[in-house]
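**Student:** Input structure: start32.pdb, which contains PDB, C-alpha atoms.
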```pdb
MODEL        1
ATOM      1  CA  MET A 146      76.739  61.923 107.310
ATOM      2  CA  ASP A 147      77.216  65.130 105.272
ATOM      3  CA  GLU A 148      80.652  66.594 106.036
ATOM      4  CA  HIS A 149      79.650  69.947 104.559
ATOM      5  CA  GLU A 150      76.837  70.216 107.106
ATOM      6  CA  LEU A 151      79.220  69.270 109.929
ATOM      7  CA  ALA A 152      81.734  71.889 108.720
ATOM      8  CA  TRP A 153      78.920  74.460 108.651
ATOM      9  CA  ALA A 154      77.870  73.398 112.170
ATOM     10  CA  ALA A 155      81.470  73.831 113.386
ATOM     11  CA  GLY A 156      81.605  77.369 111.994
ATOM     12  CA  PHE A 157      78.246  78.156 113.579
ATOM     13  CA  PHE A 158      79.434  76.810 116.942
ATOM     14  CA  ASP A 159      82.699  78.779 116.624
ATOM     15  CA  GLY A 160      80.609  81.912 116.306
ATOM     16  CA  ASP A 161      77.864  81.446 118.898
ATOM     17  CA  GLY A 162      78.463  78.229 120.822
ATOM     18  CA  TRP A 163      80.218  77.258 124.051
ATOM     19  CA  ALA A 164      80.985  74.114 126.024
ATOM     20  CA  ALA A 165      81.819  73.862 129.742
ATOM     21  CA  LEU A 166      81.209  72.049 132.994
ATOM     22  CA  VAL A 167      78.097  73.529 134.594
ATOM     23  CA  ARG A 168      77.388  72.871 138.241
ATOM     24  CA  ALA A 169      73.676  72.856 138.926
ATOM     25  CA  LYS A 170      72.261  73.930 142.258
ATOM     26  CA  GLY A 171      72.636  71.154 144.814
ATOM     27  CA  ARG A 172      75.328  69.257 142.878
ATOM     28  CA  ARG A 173      78.952  68.920 143.963
ATOM     29  CA  THR A 174      80.378  68.268 140.512
ATOM     30  CA  GLY A 175      79.939  69.968 137.184
ATOM     31  CA  GLN A 176      77.874  68.449 134.367
ATOM     32  CA  PRO A 177      79.114  68.676 130.723
ATOM     33  CA  HIS A 178      77.067  71.250 128.850
ATOM     34  CA  ALA A 179      77.114  72.708 125.314
ATOM     35  CA  GLN A 180      74.851  75.506 124.153
ATOM     36  CA  ILE A 181      74.137  77.949 121.317
ATOM     37  CA  ASN A 182      71.952  81.040 121.816
ATOM     38  CA  GLN A 183      70.156  82.901 119.023
ATOM     39  CA  GLY A 184      67.881  85.936 119.143
ATOM     40  CA  SER A 185      65.026  86.171 116.639
ATOM     41  CA  ILE A 186      61.857  88.205 116.186
ATOM     42  CA  ALA A 187      60.585  85.830 113.478
ATOM     43  CA  GLY A 188      60.151  82.729 115.633
ATOM     44  CA  MET A 189      62.395  79.704 115.982
ATOM     45  CA  PRO A 190      65.684  80.351 114.075
ATOM     46  CA  GLU A 191      66.124  77.792 111.315
ATOM     47  CA  VAL A 192      69.869  77.710 111.990
ATOM     48  CA  LEU A 193      69.278  76.100 115.412
ATOM     49  CA  VAL A 194      67.143  73.380 113.853
ATOM     50  CA  ARG A 195      69.787  72.885 111.192
ATOM     51  CA  PHE A 196      72.557  72.557 113.795
ATOM     52  CA  ARG A 197      70.555  70.017 115.832
ATOM     53  CA  ASP A 198      69.895  67.960 112.705
ATOM     54  CA  ALA A 199      73.604  68.075 111.756
ATOM     55  CA  VAL A 200      74.877  66.729 115.099
ATOM     56  CA  GLY A 201      71.815  64.578 115.774
ATOM     57  CA  VAL A 202      71.553  65.370 119.502
ATOM     58  CA  GLY A 203      70.387  68.090 121.844
ATOM     59  CA  ARG A 204      67.121  69.945 122.243
ATOM     60  CA  ILE A 205      65.865  73.383 121.259
ATOM     61  CA  GLY A 206      64.159  75.736 123.715
ATOM     62  CA  GLY A 207      62.688  79.187 123.904
ATOM     63  CA  PRO A 208      61.623  81.832 123.530
ATOM     64  CA  LYS A 209      62.830  83.739 126.570
ATOM     65  CA  ILE A 210      61.301  87.201 126.586
ATOM     66  CA  GLU A 211      63.085  90.159 128.190
ATOM     67  CA  PRO A 212      62.089  93.832 127.838
ATOM     68  CA  GLY A 213      64.050  95.680 125.169
ATOM     69  CA  ARG A 214      65.664  92.516 123.732
ATOM     70  CA  GLN A 215      64.851  90.086 120.953
ATOM     71  CA  PRO A 216      63.182  86.808 121.974
ATOM     72  CA  LEU A 217      65.945  84.315 122.818
ATOM     73  CA  TYR A 218      66.076  80.706 121.586
ATOM     74  CA  TRP A 219      68.737  78.075 122.245
ATOM     75  CA  TRP A 220      70.084  74.638 121.354
ATOM     76  CA  VAL A 221      71.475  72.737 124.331
ATOM     77  CA  ALA A 222      73.160  69.399 124.996
ATOM     78  CA  SER A 223      73.296  68.613 128.716
ATOM     79  CA  SER A 224      74.415  64.984 128.909
ATOM     80  CA  ARG A 225      78.015  63.797 128.716
ATOM     81  CA  GLY A 226      77.272  61.515 125.784
ATOM     82  CA  ASP A 227      75.585  64.279 123.737
ATOM     83  CA  VAL A 228      78.410  66.748 124.394
ATOM     84  CA  ILE A 229      81.025  64.139 123.409
ATOM     85  CA  ARG A 230      79.129  63.339 120.206
ATOM     86  CA  THR A 231      78.814  67.026 119.309
ATOM     87  CA  GLY A 232      82.508  67.757 119.913
ATOM     88  CA  THR A 233      83.612  64.637 118.038
ATOM     89  CA  LEU A 234      81.494  65.395 114.960
ATOM     90  CA  ILE A 235      82.361  69.079 114.543
ATOM     91  CA  GLY A 236      85.846  68.933 116.088
ATOM     92  CA  PRO A 237      87.826  68.566 112.813
ATOM     93  CA  TRP A 238      86.805  72.120 111.805
ATOM     94  CA  LEU A 239      86.594  73.809 115.222
ATOM     95  CA  SER A 240      88.842  76.657 116.355
ATOM     96  CA  ASN A 241      91.425  75.989 119.064
ATOM     97  CA  GLN A 242      89.410  77.952 121.622
ATOM     98  CA  LYS A 243      86.278  75.821 121.209
ATOM     99  CA  ARG A 244      88.347  72.635 121.031
ATOM    100  CA  ALA A 245      89.854  73.583 124.397
ATOM    101  CA  GLN A 246      86.330  73.944 125.825
ATOM    102  CA  PHE A 247      85.394  70.409 124.758
ATOM    103  CA  SER A 248      88.698  69.127 126.119
ATOM    104  CA  ALA A 249      88.079  70.750 129.498
ATOM    105  CA  SER A 250      84.435  69.620 129.742
ATOM    106  CA  VAL A 251      84.532  66.037 128.427
ATOM    107  CA  GLY A 252      88.224  65.285 127.852
ATOM    108  CA  LEU A 253      88.206  65.231 124.044
ATOM    109  CA  ARG A 254      91.608  65.474 122.351
ATOM    110  CA  PHE A 255      92.228  66.938 118.911
ATOM    111  CA  GLU A 256      95.552  66.177 117.252
ATOM    112  CA  ALA A 257      95.073  67.399 113.678
ATOM    113  CA  LYS A 258      95.028  71.040 112.634
ATOM    114  CA  ALA A 259      91.559  72.523 112.065
ATOM    115  CA  ILE A 260      90.281  72.127 108.500
ATOM    116  CA  ASP A 261      89.452  75.309 106.595
ATOM    117  CA  ALA A 262      86.381  75.018 104.366
ATOM    118  CA  SER A 263      83.852  77.274 102.659
ATOM    119  CA  ALA A 264      81.046  75.530 104.568
ATOM    120  CA  TRP A 265      82.797  76.357 107.870
ATOM    121  CA  ALA A 266      83.064  80.026 106.813
ATOM    122  CA  ALA A 267      79.351  80.028 105.919
ATOM    123  CA  GLY A 268      78.529  78.722 109.402
ATOM    124  CA  LEU A 269      80.601  81.460 111.037
ATOM    125  CA  PHE A 270      78.857  84.078 108.886
ATOM    126  CA  ASP A 271      75.443  82.656 109.860
ATOM    127  CA  ALA A 272      76.435  83.091 113.511
ATOM    128  CA  GLU A 273      78.339  86.398 113.564
ATOM    129  CA  GLY A 274      78.089  87.883 110.063
ATOM    130  CA  SER A 275      75.850  90.586 108.642
ATOM    131  CA  SER A 276      75.289  92.643 105.506
ATOM    132  CA  SER A 277      74.175  96.247 105.832
ATOM    133  CA  LEU A 278      73.705  99.573 104.035
ATOM    134  CA  SER A 279      75.110 102.949 105.117
ATOM    135  CA  ASP A 280      74.878 106.495 103.757
ATOM    136  CA  HIS A 281      77.608 107.379 101.280
ATOM    137  CA  ARG A 282      80.067 109.807 102.848
ATOM    138  CA  SER A 283      80.411 112.144  99.860
ATOM    139  CA  HIS A 284      77.300 111.550  97.699
ATOM    140  CA  ALA A 285      73.995 112.460  99.321
ATOM    141  CA  GLY A 286      71.222 109.956  98.687
ATOM    142  CA  TYR A 287      73.579 107.118  97.804
ATOM    143  CA  LYS A 288      74.112 103.980  99.849
ATOM    144  CA  TYR A 289      77.103 101.694 100.088
ATOM    145  CA  ALA A 290      77.056  98.077 101.241
ATOM    146  CA  GLU A 291      79.375  96.223 103.547
ATOM    147  CA  ALA A 292      79.647  92.669 104.839
ATOM    148  CA  THR A 293      81.125  92.081 108.292
ATOM    149  CA  VAL A 294      81.939  89.287 110.729
ATOM    150  CA  THR A 295      82.494  90.399 114.331
ATOM    151  CA  GLN A 296      84.343  88.574 117.100
ATOM    152  CA  SER A 297      85.656  89.634 120.501
ATOM    153  CA  SER A 298      89.009  88.758 122.031
ATOM    154  CA  PRO A 299      90.977  89.821 125.125
ATOM    155  CA  GLY A 300      94.190  90.042 123.115
ATOM    156  CA  PRO A 301      95.247  89.424 119.509
ATOM    157  CA  ILE A 302      93.052  89.029 116.417
ATOM    158  CA  PRO A 303      90.678  86.078 116.926
ATOM    159  CA  GLU A 304      91.704  82.929 115.104
ATOM    160  CA  GLU A 305      88.233  82.614 113.572
ATOM    161  CA  LEU A 306      88.505  85.956 111.735
ATOM    162  CA  GLU A 307      91.965  85.157 110.387
ATOM    163  CA  ARG A 308      90.712  81.783 109.141
ATOM    164  CA  PHE A 309      87.599  83.373 107.622
ATOM    165  CA  GLY A 310      89.683  85.927 105.716
ATOM    166  CA  HIS A 311      91.969  83.146 104.505
ATOM    167  CA  VAL A 312      89.057  81.022 103.264
ATOM    168  CA  VAL A 313      87.232  83.794 101.369
ATOM    169  CA  GLY A 314      90.463  85.480 100.236
ATOM    170  CA  LEU A 315      88.908  88.961 100.383
ATOM    171  CA  GLY A 316      88.292  91.772 102.844
ATOM    172  CA  ARG A 317      90.389  92.774 105.858
ATOM    173  CA  VAL A 318      90.300  92.394 109.635
ATOM    174  CA  TYR A 319      90.012  95.699 111.521
ATOM    175  CA  GLY A 320      90.383  96.471 115.204
ATOM    176  CA  PRO A 321      90.602  96.288 118.066
ATOM    177  CA  TYR A 322      87.686  98.503 119.045
ATOM    178  CA  GLU A 323      86.192  99.281 122.414
ATOM    179  CA  GLN A 324      82.456  98.725 122.351
ATOM    180  CA  GLU A 325      79.900  99.793 124.928
ATOM    181  CA  ALA A 326      78.804  96.940 127.210
ATOM    182  CA  ALA A 327      81.453  94.639 125.714
ATOM    183  CA  THR A 328      83.796  92.962 128.191
ATOM    184  CA  GLU A 329      86.507  92.268 125.588
ATOM    185  CA  LEU A 330      88.047  94.076 122.634
ATOM    186  CA  VAL A 331      86.111  93.790 119.374
ATOM    187  CA  TYR A 332      87.600  92.843 115.993
ATOM    188  CA  ARG A 333      85.788  92.888 112.672
ATOM    189  CA  TRP A 334      86.385  91.347 109.247
ATOM    190  CA  ARG A 335      84.945  93.708 106.655
ATOM    191  CA  ALA A 336      84.406  93.825 102.876
ATOM    192  CA  GLN A 337      83.071  97.103 101.449
ATOM    193  CA  GLN A 338      83.525  96.829  97.696
ATOM    194  CA  VAL A 339      80.403  95.541  95.962
ATOM    195  CA  ASP A 340      82.369  93.127  93.795
ATOM    196  CA  GLU A 341      84.092  91.683  96.880
ATOM    197  CA  ILE A 342      80.789  91.220  98.721
ATOM    198  CA  ARG A 343      79.277  89.553  95.673
ATOM    199  CA  ARG A 344      82.226  87.151  95.371
ATOM    200  CA  VAL A 345      82.116  86.287  99.088
ATOM    201  CA  MET A 346      78.378  85.577  98.927
ATOM    202  CA  HIS A 347      78.868  83.467  95.788
ATOM    203  CA  LEU A 348      81.464  81.389  97.667
ATOM    204  CA  LEU A 349      79.336  80.950 100.805
ATOM    205  CA  GLN A 350      75.897  80.666  99.194
ATOM    206  CA  PRO A 351      75.717  76.846  98.848
ATOM    207  CA  TRP A 352      75.849  76.518 102.664
ATOM    208  CA  LEU A 353      74.681  79.926 103.905
ATOM    209  CA  GLY A 354      71.408  80.105 105.847
ATOM    210  CA  LEU A 355      68.343  81.696 104.292
ATOM    211  CA  VAL A 356      68.246  84.760 106.588
ATOM    212  CA  LYS A 357      71.832  85.908 105.946
ATOM    213  CA  ARG A 358      71.588  85.064 102.248
ATOM    214  CA  GLN A 359      68.463  87.180 101.760
ATOM    215  CA  GLN A 360      69.954  90.003 103.843
ATOM    216  CA  ALA A 361      73.044  90.158 101.617
ATOM    217  CA  PHE A 362      71.120  90.042  98.349
ATOM    218  CA  ARG A 363      68.728  92.803  99.493
ATOM    219  CA  CYS A 364      71.721  95.075 100.185
ATOM    220  CA  LEU A 365      73.312  94.275  96.819
ATOM    221  CA  ALA A 366      70.001  94.916  95.031
ATOM    222  CA  VAL A 367      69.794  98.426  96.524
ATOM    223  CA  VAL A 368      73.351  99.275  95.452
ATOM    224  CA  ASP A 369      72.846  97.779  91.986
ATOM    225  CA  GLY A 370      69.683  99.863  91.539
ATOM    226  CA  GLN A 371      71.459 103.190  92.121
ATOM    227  CA  PRO A 372      72.667 105.349  89.198
ATOM    228  CA  ALA A 373      76.389 105.002  88.565
ATOM    229  CA  LEU A 374      78.463 107.533  90.465
ATOM    230  CA  LYS A 375      80.427 110.023  88.390
ATOM    231  CA  ARG A 376      84.147 109.717  88.986
ATOM    232  CA  GLY A 377      86.983 112.182  88.444
ATOM    233  CA  ARG A 378      86.879 115.878  87.527
ATOM    234  CA  ALA A 379      84.299 116.856  84.946
ATOM    235  CA  ASP A 380      86.457 119.714  83.590
ATOM    236  CA  TRP A 381      89.150 117.194  82.617
ATOM    237  CA  GLY A 382      86.775 115.006  80.647
ATOM    238  CA  SER A 383      86.971 111.236  80.611
ATOM    239  CA  HIS A 384      90.629 111.202  79.492
ATOM    240  CA  LYS A 385      93.346 113.750  80.344
ATOM    241  CA  THR A 386      95.633 114.934  77.564
ATOM    242  CA  HIS A 387      97.803 117.307  79.635
ATOM    243  CA  CYS A 388      99.324 117.191  83.097
ATOM    244  CA  VAL A 389      98.427 119.777  85.754
ATOM    245  CA  HIS A 390     101.317 121.991  84.562
ATOM    246  CA  GLY A 391     100.183 121.976  80.943
ATOM    247  CA  HIS A 392     102.626 119.465  79.452
ATOM    248  CA  GLU A 393     101.047 117.334  76.733
ATOM    249  CA  TYR A 394     101.180 113.635  77.552
ATOM    250  CA  ALA A 395     101.440 112.639  73.892
ATOM    251  CA  THR A 396     104.722 114.488  73.414
ATOM    252  CA  ALA A 397     106.113 114.096  76.948
ATOM    253  CA  ARG A 398     105.540 110.317  76.985
ATOM    254  CA  LEU A 399     104.480 108.344  80.032
ATOM    255  CA  ARG A 400     106.201 105.764  82.181
ATOM    256  CA  PRO A 401     104.993 103.692  85.132
ATOM    257  CA  TYR A 402     105.905 104.550  88.686
ATOM    258  CA  VAL A 403     108.622 102.257  90.100
ATOM    259  CA  THR A 404     109.414 102.192  93.808
ATOM    260  CA  ARG A 405     113.058 102.423  94.923
ATOM    261  CA  SER A 406     112.411 100.776  98.277
ATOM    262  CA  THR A 407     114.209  97.555  99.128
ATOM    263  CA  ASN A 408     111.145  95.651 100.305
ATOM    264  CA  GLY A 409     110.150  94.777  96.754
ATOM    265  CA  LEU A 410     106.604  96.128  97.052
ATOM    266  CA  ALA A 411     105.220  98.177  94.170
ATOM    267  CA  LEU A 412     103.149 100.944  95.762
ATOM    268  CA  ARG A 413     100.909 101.644  92.777
ATOM    269  CA  ASP A 414     100.726 101.512  89.024
ATOM    270  CA  SER A 415     100.466 105.285  88.550
ATOM    271  CA  LYS A 416     102.093 107.455  85.879
ATOM    272  CA  ARG A 417     103.956 110.756  85.788
ATOM    273  CA  CYS A 418     104.701 113.310  83.097
ATOM    274  CA  LEU A 419     108.352 112.961  82.038
ATOM    275  CA  VAL A 420     108.772 116.720  81.687
ATOM    276  CA  CYS A 421     107.649 117.267  85.274
ATOM    277  CA  LEU A 422     109.754 114.366  86.460
ATOM    278  CA  ARG A 423     112.839 115.800  84.751
ATOM    279  CA  LEU A 424     112.242 119.245  86.287
ATOM    280  CA  LEU A 425     111.788 117.676  89.711
ATOM    281  CA  ALA A 426     115.082 115.790  89.384
ATOM    282  CA  ARG A 427     116.939 118.942  88.326
ATOM    283  CA  ARG A 428     115.440 120.899  91.197
ATOM    284  CA  SER A 429     116.396 118.205  93.721
ATOM    285  CA  TYR A 430     119.941 118.109  92.345
ATOM    286  CA  ALA A 431     120.238 121.904  92.494
ATOM    287  CA  ASN A 432     119.006 121.915  96.091
ATOM    288  CA  SER A 433     121.633 119.389  97.143
ATOM    289  CA  LYS A 434     124.385 121.413  95.454
ATOM    290  CA  ALA A 435     123.139 124.636  97.008
ATOM    291  CA  LYS A 436     123.378 123.086 100.461
ATOM    292  CA  GLU A 437     126.975 122.049  99.799
ATOM    293  CA  ILE A 438     128.149 125.552  98.799
ATOM    294  CA  GLY A 439     125.694 127.556 100.908
ATOM    295  CA  GLY A 440     124.110 129.235  97.862
ATOM    296  CA  PRO A 441     120.448 130.034  97.062
ATOM    297  CA  ALA A 442     117.921 127.237  97.064
ATOM    298  CA  ALA A 443     116.794 125.687  93.823
ATOM    299  CA  ALA A 444     113.311 127.122  94.320
ATOM    300  CA  ASP A 445     114.901 130.576  93.914
ATOM    301  CA  LEU A 446     116.694 129.451  90.755
ATOM    302  CA  ASP A 447     113.602 127.906  89.164
ATOM    303  CA  PRO A 448     111.633 130.580  87.289
ATOM    304  CA  THR A 449     108.362 128.584  87.556
ATOM    305  CA  ARG A 450     108.698 128.442  91.401
ATOM    306  CA  SER A 451     106.010 125.734  91.458
ATOM    307  CA  ALA A 452     106.335 122.108  92.393
ATOM    308  CA  PRO A 453     106.995 120.334  89.077
ATOM    309  CA  THR A 454     104.846 117.285  89.765
ATOM    310  CA  CYS A 455     101.714 115.919  88.137
TER     311      CYS A 455
ENDMDL
END
```
Take the structure I supplied and represent it as structure tokens, if you would.
**Tutor:**
Amino acid sequence: MDEHELAWAAGFFDGDGWAALVRAKGRRTGQPHAQINQGSIAGMPEVLVRFRDAVGVGRIGGPKIEPGRQPLYWWVASSRGDVIRTGTLIGPWLSNQKRAQFSASVGLRFEAKAIDASAWAAGLFDAEGSSSLSDHRSHAGYKYAEATVTQSSPGPIPEELERFGHVVGLGRVYGPYEQEAATELVYRWRAQQVDEIRRVMHLLQPWLGLVKRQQAFRCLAVVDGQPALKRGRADWGSHKTHCVHGHEYATARLRPYVTRSTNGLALRDSKRCLVCLRLLARRSYANSKAKEIGGPAAADLDPTRSAPTC
């Protein structure tokens, strides 16, 4: 049995699946039930067939047609034995929430911590991920790409998104957001830099489904086909030789910015003109002295009267 396929199936179930005791009409007790729903306009989703083949049980149904919605298909396991088999096979990679559902419905117990794996992340992306294009905010006619994985939660950041970010090592989790028709708060893992999206897709590609893989590569192809955006100020040229106050970098020398905070975090690797930095220090010192003796502010003493920063 291919563990990569089972890890993928666990990620897919974490995204779109559920397990519970379902009480049918006329029955006094609930029957164990596990199900995954998928909407598709292109016929039976291949991910449902893939999940059924990975766990080896259950049946696929659909489509269910409702006005204004995509045709709905589903995988379902409705016998105790099939639900136990499904939970046992994919349990090592499942999130705590879905493990709790199998525990409540068929009494399964999971002692070990969930295993993080690239195949699991690919399954979650197949269930809840997407790649899309949006209009560039400052350059008309240009598009930018983003990859997202969306999950809802009544409280803190969903475990699945934190695990996904840890596995791929890129992007950030944003939220919570309030979304129309949603009953819970919405959180979203997002990567917007093309290089990050490319690296995430390269990591997930061996196990990612065909639909999401093609969707991502179509978005990247559009961005790659655009002319390179011009960066910076054209009047400065490709390399600046003077700071904004006219001091020549070659004679003033440069030094990296170093934070004085105690948290040990370097804010950025920027540079400042030493002439401007020296003037700023003198002005700050003069201001502090002026406050002590009640004299004029340093801005009144400085003949340039402009902020000496680059």
**Student:** Report as a list in words all protein, DNA and RNA residues lying within 9 Å of Thr231 in chain A, evaluated on only C-alpha atoms, omitting residues in the same chain fewer than 3 positions from it.
**Tutor:**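 These residues fall inside the cut-off: Ala179, Val200, Gly201, Val202, Gly203, Ala222, Gly226, Asp227, Val228, Leu234, Ile235 and Gly236 of chain A.
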**Student:** Write a file of the just-selected residues containing C-alpha atoms, as a short mmCIF file (atom, residue, chain, number, x, y, z; two decimals), in the coordinates of the input.
**Tutor:**
```
data_model
loop_
_atom_site.label_atom_id
_atom_site.label_comp_id
_atom_site.auth_asym_id
_atom_site.auth_seq_id
_atom_site.Cartn_x
_atom_site.Cartn_y
_atom_site.Cartn_z
CA ALA A 179 77.11 72.71 125.31
CA VAL A 200 74.88 66.73 115.10
CA GLY A 201 71.82 64.58 115.77
CA VAL A 202 71.55 65.37 119.50
CA GLY A 203 70.39 68.09 121.84
CA ALA A 222 73.16 69.40 125.00
CA GLY A 226 77.27 61.52 125.78
CA ASP A 227 75.58 64.28 123.74
CA VAL A 228 78.41 66.75 124.39
CA LEU A 234 81.49 65.40 114.96
CA ILE A 235 82.36 69.08 114.54
CA GLY A 236 85.85 68.93 116.09
#
```
**Student:** Quick one: which residues end up in the PyMOL selection byres ((chain A and resi 320) around 9) for this structure, as a ChimeraX atom specification?
**Tutor:** /A:302,318-319,321-323,330-334
**Student:** Given the PyMOL selection byres ((chain A and resi 205-209) around 9) and the file above, list the residues it selects as a compact mmCIF listing (two decimals) with C-alpha atoms, in the coordinates of the input.
**Tutor:**
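The result, stored in part-v3.txt:
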```txt
# COMPACT_ATOMS: atom_id res chain seq x y z
CA GLY A 184 67.88 85.94 119.14
CA SER A 185 65.03 86.17 116.64
CA GLY A 188 60.15 82.73 115.63
CA MET A 189 62.40 79.70 115.98
CA LEU A 193 69.28 76.10 115.41
CA VAL A 194 67.14 73.38 113.85
CA ARG A 197 70.56 70.02 115.83
CA GLY A 203 70.39 68.09 121.84
CA ARG A 204 67.12 69.94 122.24
CA ILE A 210 61.30 87.20 126.59
CA GLU A 211 63.08 90.16 128.19
CA GLN A 215 64.85 90.09 120.95
CA PRO A 216 63.18 86.81 121.97
CA LEU A 217 65.94 84.32 122.82
CA TYR A 218 66.08 80.71 121.59
CA TRP A 219 68.74 78.08 122.24
CA TRP A 220 70.08 74.64 121.35
CA VAL A 221 71.47 72.74 124.33
```
**Student:** Could you tell me how far CA of Met146 in chain A sits from CA of Phe309 in chain A, in Å to one decimal place?
**Tutor:**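 Computing it gives 24.0 Å between the two atoms.
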**Student:** Tell me which of A:Arg335, A:Arg244, A:Lys436, A:Arg363 sits closest to Gly314 in chain A, counting all atoms listed in the file.
**Tutor:**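 Of A:Arg335, A:Arg244, A:Lys436, A:Arg363, the one nearest Gly314 in chain A is A:Arg335, counting all atoms listed in the file.
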**Student:** Can you work out the spacing between CA of Asp261 in chain A and CA of Gln359 in chain A in Å, to one decimal?
**Tutor:**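 Computing the Euclidean distance for CA of Asp261 in chain A and CA of Gln359 in chain A yields 24.6 Å.
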**Student:** I need the residue set behind the PyMOL selection byres ((chain A and resi 340-342) around 10) for this file; please write it as number ranges by chain.
**Tutor:** A: 276, 290-293, 313-316, 335-339, 343-348, 361-362, 364-365
**Student:** For the residues selected in the previous step, produce a file with C-alpha atoms as a JSON list (two decimals), in the frame of the given file.
**Tutor:**
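Saved to selection_13.json:
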```json
[["chain", "number", "residue", "atom", "x", "y", "z"],
["A", 276, "SER", "CA", 75.29, 92.64, 105.51],
["A", 290, "ALA", "CA", 77.06, 98.08, 101.24],
["A", 291, "GLU", "CA", 79.38, 96.22, 103.55],
["A", 292, "ALA", "CA", 79.65, 92.67, 104.84],
["A", 293, "THR", "CA", 81.12, 92.08, 108.29],
["A", 313, "VAL", "CA", 87.23, 83.79, 101.37],
["A", 314, "GLY", "CA", 90.46, 85.48, 100.24],
["A", 315, "LEU", "CA", 88.91, 88.96, 100.38],
["A", 316, "GLY", "CA", 88.29, 91.77, 102.84],
["A", 335, "ARG", "CA", 84.94, 93.71, 106.66],
["A", 336, "ALA", "CA", 84.41, 93.82, 102.88],
["A", 337, "GLN", "CA", 83.07, 97.10, 101.45],
["A", 338, "GLN", "CA", 83.52, 96.83, 97.70],
["A", 339, "VAL", "CA", 80.40, 95.54, 95.96],
["A", 343, "ARG", "CA", 79.28, 89.55, 95.67],
["A", 344, "ARG", "CA", 82.23, 87.15, 95.37],
["A", 345, "VAL", "CA", 82.12, 86.29, 99.09],
["A", 346, "MET", "CA", 78.38, 85.58, 98.93],
["A", 347, "HIS", "CA", 78.87, 83.47, 95.79],
["A", 348, "LEU", "CA", 81.46, 81.39, 97.67],
["A", 361, "ALA", "CA", 73.04, 90.16, 101.62],
["A", 362, "PHE", "CA", 71.12, 90.04, 98.35],
["A", 364, "CYS", "CA", 71.72, 95.08, 100.18],
["A", 365, "LEU", "CA", 73.31, 94.28, 96.82]]
```
**Student:** Do you have the CA of Leu239 in chain A-CA of Arg358 in chain A distance handy?
**Tutor:**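 Interatomic distance, CA of Leu239 in chain A to CA of Arg358 in chain A: 22.8 Å.
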**Student:** Would you list the contacts of range 351-356 of chain A as a compact mmCIF listing (two decimals) with C-alpha atoms, in the coordinates of the input, taking every protein, DNA or RNA residue within 7 Å and counting all atoms listed in the file, but skipping same-chain residues closer than 4 positions in sequence?
**Tutor:**
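Writing done, so here's around_10.txt:
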```txt
# COMPACT_ATOMS: atom_id res chain seq x y z
CA VAL A 192 69.87 77.71 111.99
CA ALA A 264 81.05 75.53 104.57
CA ALA A 267 79.35 80.03 105.92
CA GLY A 268 78.53 78.72 109.40
CA ASP A 271 75.44 82.66 109.86
CA GLN A 360 69.95 90.00 103.84
```
**Student:** So, with only C-alpha atoms as the atoms that count, which of A:Gly439, A:Gly160, A:Gly213, A:Pro190 lies closest to Gln296 in chain A?
**Tutor:**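 Looking at the shortest contact to Gln296 in chain A, the residue is A:Gly160.
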**Student:** Compare A:Ser298, A:His281, A:Val312, A:Asp159 by their minimum atom-to-atom distance to Gln324 in chain A, counting only C-alpha atoms, and give me the closest one.
**Tutor:**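 Using only C-alpha atoms, Gln324 in chain A sits closest to A:Ser298.
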**Student:** Would you please work out which residue, of A:Val294, A:Phe247, A:Ser429, A:Pro212, is nearest to Glu307 in chain A when using only C-alpha atoms?
**Tutor:**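 Going through A:Val294, A:Phe247, A:Ser429, A:Pro212 one by one, the smallest distance to Glu307 in chain A is for A:Val294.
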**Student:** Step by step, gather every atom of range 217-236 of chain A that the file lists, find the box along x, y and z that holds them, add 3 Å on each side, and finally give centre and edge lengths in Å to one decimal, as lines of an AutoDock Vina configuration file.
**Tutor:**
```
center_x = 75.9
center_y = 72.9
center_z = 121.7
size_x = 25.9
size_y = 28.8
size_z = 20.4
```
**Student:** Which of these residues is nearest to Gln180 in chain A, using all atoms listed in the file: A:Ser224, A:Ser263, A:Thr233, A:Asn432?
**Tutor:**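 Once distances to Gln180 in chain A are computed over all atoms listed in the file, the minimum belongs to A:Ser224.
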**Student:** My list of candidates is A:His387, A:Arg308, A:Arg195, A:Lys288. Which is closest to Trp238 in chain A when distances are computed with only C-alpha atoms?
**Tutor:**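 Under the stated criterion, the closest residue is A:Arg308.
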**Student:** If we count all atoms listed in the file, what is near His178 in chain A at a cut-off of 6 Å, once residues fewer than 5 positions away on the same chain are taken out, given as a list in words?
**Tutor:**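 In the requested form, the answer reads Ala164, Ala165, Leu166, Ala222 and Ser223 of chain A.
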**Student:** Could I see range 270-275 of chain A restored to N, CA and C atoms, set down as a tab-separated table (two decimals), in the frame of the given file?
**Tutor:**
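Saved result, out_28.tsv, follows:
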```
chain	number	residue	atom	x	y	z
A	270	PHE	N	79.60	82.90	109.34
A	270	PHE	CA	78.86	84.08	108.89
A	270	PHE	C	77.40	84.00	109.35
A	271	ASP	N	76.82	82.80	109.35
A	271	ASP	CA	75.44	82.66	109.86
A	271	ASP	C	75.36	83.03	111.33
A	272	ALA	N	76.45	82.79	112.08
A	272	ALA	CA	76.44	83.09	113.51
A	272	ALA	C	76.75	84.55	113.79
A	273	GLU	N	77.82	85.08	113.19
A	273	GLU	CA	78.34	86.40	113.56
A	273	GLU	C	78.41	87.39	112.40
A	274	GLY	N	77.98	87.00	111.23
A	274	GLY	CA	78.09	87.88	110.06
A	274	GLY	C	76.84	88.71	109.83
A	275	SER	N	76.99	89.75	109.03
A	275	SER	CA	75.85	90.59	108.64
A	275	SER	C	76.20	91.36	107.38
```
